[in-house]
Amino acid sequence: MTIQWYPGHMAKAKRQMIEKMKQIDVVIELVDSRIPVSSRNPLVDEISAGKPRLLLLNKVDMADSKATGLWQAYFSNQGLAVHLVNSQTGQGTSAIPEVVHRLTAARRARLEGKGFRPHADRALILGIPNVGKSTLINRLAGKKIAKIGDRPGVTTAQQWIKVGKTMELLDTPGILWPKFDDPEVGLGLAATGAIKEDLIDFQEVAVFLLKIMLSRYRMQLAQRYGIESLPDLNGDPEDHDELVRLFDQIGKYRGCLMSGGLVDYDRTAEMMIRDFRSLKLGALTLEWP
Ligand code: G4P
């Protein structure tokens with residue numbers, strides 16, 4: 001469940017995460033591969049305060065694999081350790097302890113140099129709501145751990161979960177808030193389900209999806225909604241009449257009609273968003289490097 005964040009929540013959650021950091025060796029930042037930039041909160045930089053970091057692109061099954069490859073290269077070029085996972089099936093997750101272990105090599109060498117025996121790599125998973133933090137923690141724990149409501153500032157007893165031979169994971173994720181000052185970012189978050197539904201305008205989100213599909217996923221769009229000839233909006237991506245015509249076609253094709261046979265735009269929009277979320281439009285990425 002996504003909650004609304006208020007300044008007080010944010011300040012408290014941030015304080016708690018900074019406090020937790022004292023026990024952490026590696027910060028695992030989880031993002032949604034379909035919106036790998038919009039699902040980040042830049043605060044991670046400040047919270048992790050120079051600790052080694054791993055960026056996990058989750059839900060790779062839902063994203064366009066070509067885009068995911070480009071994102072992986074993009075973040076690597078920025079000097080970030082990146083790894084791809086599907087927390088639902090576990091694809092890529094068993095390598096996480098090993099990837100994390102590589103990131104703590106310097107710390108271990110330093111401790112060993114002083115004659116200490118380093119403890120296990122202590123990691124924390126951070127991310128905004130809906131990126132898959134609980135799913136990943138459960139997957140790594142190999143059991144179902146109660147889902148912590150997305151409620152900032154709720155202190156619960158935390159435990160370390162042993163993962164593989166070298167890693168210990170905090171069983172409660174760090175929950176960051178989505179940052180959507182930029183409208184495009186907000187639309188991507190809304191489409192993927194990271195923002196509470198009663199806060200979103202379905203038609204606006206559907207138009208956002210439609211424009212992306214018109215430029216990058218034309219075949220999937222045409223196939224799903226039985227459209228024979230798609231408009232070319234490259235000349236004018238804001239061509240309102242063309243978008244309305246397309247909405248009409250989609251609504252009619254899928255039977256989203258009001259009494260009298262007029263297309264119900266709200267229902268059409270909602271249906272499109274559900275189609276996107278349930279992969280009926282294929283695995284699509286909403287932002288590209
Ligand atoms: P959060 O703790 O970060 O808020 O996210 P959570 O684990 O609750 O995951 C949010 C939704 O994303 C869940 O779906 C979850 O199953 C799904 N999910 C997580 N990781 C992946 C992945 O790698 N691939 C796919 N396809 N889905 C993933 P849900 O419909 O909200 O809940 P549920 O019905 O699955 O329980």
# chains A, B, ... in the order shown; residues from 1 in each chain; ligands from 1
>>> residues_around(residues="Ile195 (chain A)", least_positions_apart="3", cutoff="10 Å", atoms="only C-alpha atoms", output="PyMOL selection string")
chain A and resi 1-4+128-130+177-178+180+186-192+198-200
>>> closest_atom_pairs(of="region 57-135 of chain A", to="region 36-41 of chain A", cutoff="8 Å", atoms="only C-alpha atoms", output="JSON lines")
{"residue": "A:Leu57", "atom": "CA", "partner": "A:Pro36", "partner_atom": "CA", "distance": 7.0}
{"residue": "A:Trp71", "atom": "CA", "partner": "A:Pro36", "partner_atom": "CA", "distance": 7.7}
{"residue": "A:Gly127", "atom": "CA", "partner": "A:Arg40", "partner_atom": "CA", "distance": 7.0}
{"residue": "A:Ile128", "atom": "CA", "partner": "A:Ser39", "partner_atom": "CA", "distance": 6.6}
{"residue": "A:Val131", "atom": "CA", "partner": "A:Ser39", "partner_atom": "CA", "distance": 7.5}
>>> atom_distance(atom1="CA of Val244 (chain A)", atom2="CA of Arg224 (chain A)")
17.6 Å
>>> closest_atom_pairs(of="chain A", to="ligand 1", cutoff="9 Å", atoms="only C-alpha atoms and all ligand atoms", output="JSON lines")
{"residue": "A:Met1", "atom": "CA", "partner": "ligand 1", "partner_atom_place_in_ligand_line": "4 (O)", "distance": 6.9}
{"residue": "A:Thr2", "atom": "CA", "partner": "ligand 1", "partner_atom_place_in_ligand_line": "4 (O)", "distance": 7.4}
{"residue": "A:Leu30", "atom": "CA", "partner": "ligand 1", "partner_atom_place_in_ligand_line": "3 (O)", "distance": 7.9}
{"residue": "A:Val31", "atom": "CA", "partner": "ligand 1", "partner_atom_place_in_ligand_line": "3 (O)", "distance": 8.6}
{"residue": "A:Asp32", "atom": "CA", "partner": "ligand 1", "partner_atom_place_in_ligand_line": "23 (O)", "distance": 8.3}
{"residue": "A:Ser33", "atom": "CA", "partner": "ligand 1", "partner_atom_place_in_ligand_line": "23 (O)", "distance": 8.9}
{"residue": "A:Leu57", "atom": "CA", "partner": "ligand 1", "partner_atom_place_in_ligand_line": "23 (O)", "distance": 8.7}
{"residue": "A:Asn58", "atom": "CA", "partner": "ligand 1", "partner_atom_place_in_ligand_line": "23 (O)", "distance": 5.0}
{"residue": "A:Lys59", "atom": "CA", "partner": "ligand 1", "partner_atom_place_in_ligand_line": "23 (O)", "distance": 3.2}
{"residue": "A:Val60", "atom": "CA", "partner": "ligand 1", "partner_atom_place_in_ligand_line": "23 (O)", "distance": 6.0}
{"residue": "A:Asp61", "atom": "CA", "partner": "ligand 1", "partner_atom_place_in_ligand_line": "24 (N)", "distance": 5.7}
{"residue": "A:Met62", "atom": "CA", "partner": "ligand 1", "partner_atom_place_in_ligand_line": "26 (N)", "distance": 5.6}
{"residue": "A:Val85", "atom": "CA", "partner": "ligand 1", "partner_atom_place_in_ligand_line": "23 (O)", "distance": 6.2}
{"residue": "A:Asn86", "atom": "CA", "partner": "ligand 1", "partner_atom_place_in_ligand_line": "23 (O)", "distance": 3.3}
{"residue": "A:Ser87", "atom": "CA", "partner": "ligand 1", "partner_atom_place_in_ligand_line": "23 (O)", "distance": 3.9}
{"residue": "A:Gln88", "atom": "CA", "partner": "ligand 1", "partner_atom_place_in_ligand_line": "22 (C)", "distance": 4.5}
{"residue": "A:Thr89", "atom": "CA", "partner": "ligand 1", "partner_atom_place_in_ligand_line": "23 (O)", "distance": 6.9}
{"residue": "A:Gly90", "atom": "CA", "partner": "ligand 1", "partner_atom_place_in_ligand_line": "23 (O)", "distance": 7.7}
{"residue": "A:Gln91", "atom": "CA", "partner": "ligand 1", "partner_atom_place_in_ligand_line": "23 (O)", "distance": 8.2}
{"residue": "A:Leu126", "atom": "CA", "partner": "ligand 1", "partner_atom_place_in_ligand_line": "3 (O)", "distance": 8.4}
{"residue": "A:Gly127", "atom": "CA", "partner": "ligand 1", "partner_atom_place_in_ligand_line": "3 (O)", "distance": 6.4}
{"residue": "A:Ile128", "atom": "CA", "partner": "ligand 1", "partner_atom_place_in_ligand_line": "3 (O)", "distance": 6.3}
{"residue": "A:Pro129", "atom": "CA", "partner": "ligand 1", "partner_atom_place_in_ligand_line": "4 (O)", "distance": 4.0}
{"residue": "A:Asn130", "atom": "CA", "partner": "ligand 1", "partner_atom_place_in_ligand_line": "4 (O)", "distance": 3.5}
{"residue": "A:Val131", "atom": "CA", "partner": "ligand 1", "partner_atom_place_in_ligand_line": "3 (O)", "distance": 4.1}
{"residue": "A:Gly132", "atom": "CA", "partner": "ligand 1", "partner_atom_place_in_ligand_line": "5 (O)", "distance": 3.3}
{"residue": "A:Lys133", "atom": "CA", "partner": "ligand 1", "partner_atom_place_in_ligand_line": "3 (O)", "distance": 3.7}
{"residue": "A:Ser134", "atom": "CA", "partner": "ligand 1", "partner_atom_place_in_ligand_line": "7 (O)", "distance": 3.7}
{"residue": "A:Thr135", "atom": "CA", "partner": "ligand 1", "partner_atom_place_in_ligand_line": "7 (O)", "distance": 3.7}
{"residue": "A:Leu136", "atom": "CA", "partner": "ligand 1", "partner_atom_place_in_ligand_line": "7 (O)", "distance": 6.4}
{"residue": "A:Ile137", "atom": "CA", "partner": "ligand 1", "partner_atom_place_in_ligand_line": "7 (O)", "distance": 7.9}
{"residue": "A:Asn138", "atom": "CA", "partner": "ligand 1", "partner_atom_place_in_ligand_line": "7 (O)", "distance": 8.4}
{"residue": "A:Lys147", "atom": "CA", "partner": "ligand 1", "partner_atom_place_in_ligand_line": "2 (O)", "distance": 7.2}
{"residue": "A:Ile148", "atom": "CA", "partner": "ligand 1", "partner_atom_place_in_ligand_line": "2 (O)", "distance": 7.7}
{"residue": "A:Gly149", "atom": "CA", "partner": "ligand 1", "partner_atom_place_in_ligand_line": "4 (O)", "distance": 8.1}
{"residue": "A:Asp150", "atom": "CA", "partner": "ligand 1", "partner_atom_place_in_ligand_line": "4 (O)", "distance": 6.7}
{"residue": "A:Pro173", "atom": "CA", "partner": "ligand 1", "partner_atom_place_in_ligand_line": "2 (O)", "distance": 7.7}
{"residue": "A:Ile175", "atom": "CA", "partner": "ligand 1", "partner_atom_place_in_ligand_line": "3 (O)", "distance": 7.7}
{"residue": "A:Gly193", "atom": "CA", "partner": "ligand 1", "partner_atom_place_in_ligand_line": "31 (O)", "distance": 8.2}
{"residue": "A:Ala194", "atom": "CA", "partner": "ligand 1", "partner_atom_place_in_ligand_line": "4 (O)", "distance": 8.1}
{"residue": "A:Arg277", "atom": "CA", "partner": "ligand 1", "partner_atom_place_in_ligand_line": "26 (N)", "distance": 8.9}
{"residue": "A:Ser278", "atom": "CA", "partner": "ligand 1", "partner_atom_place_in_ligand_line": "26 (N)", "distance": 8.4}
{"residue": "A:Leu279", "atom": "CA", "partner": "ligand 1", "partner_atom_place_in_ligand_line": "26 (N)", "distance": 8.6}
>>> closest_residue(among="A:Asp171, A:Ala141, A:Pro289, A:Leu262", to="Gln72 (chain A)", atoms="only C-alpha atoms")
A:Pro289
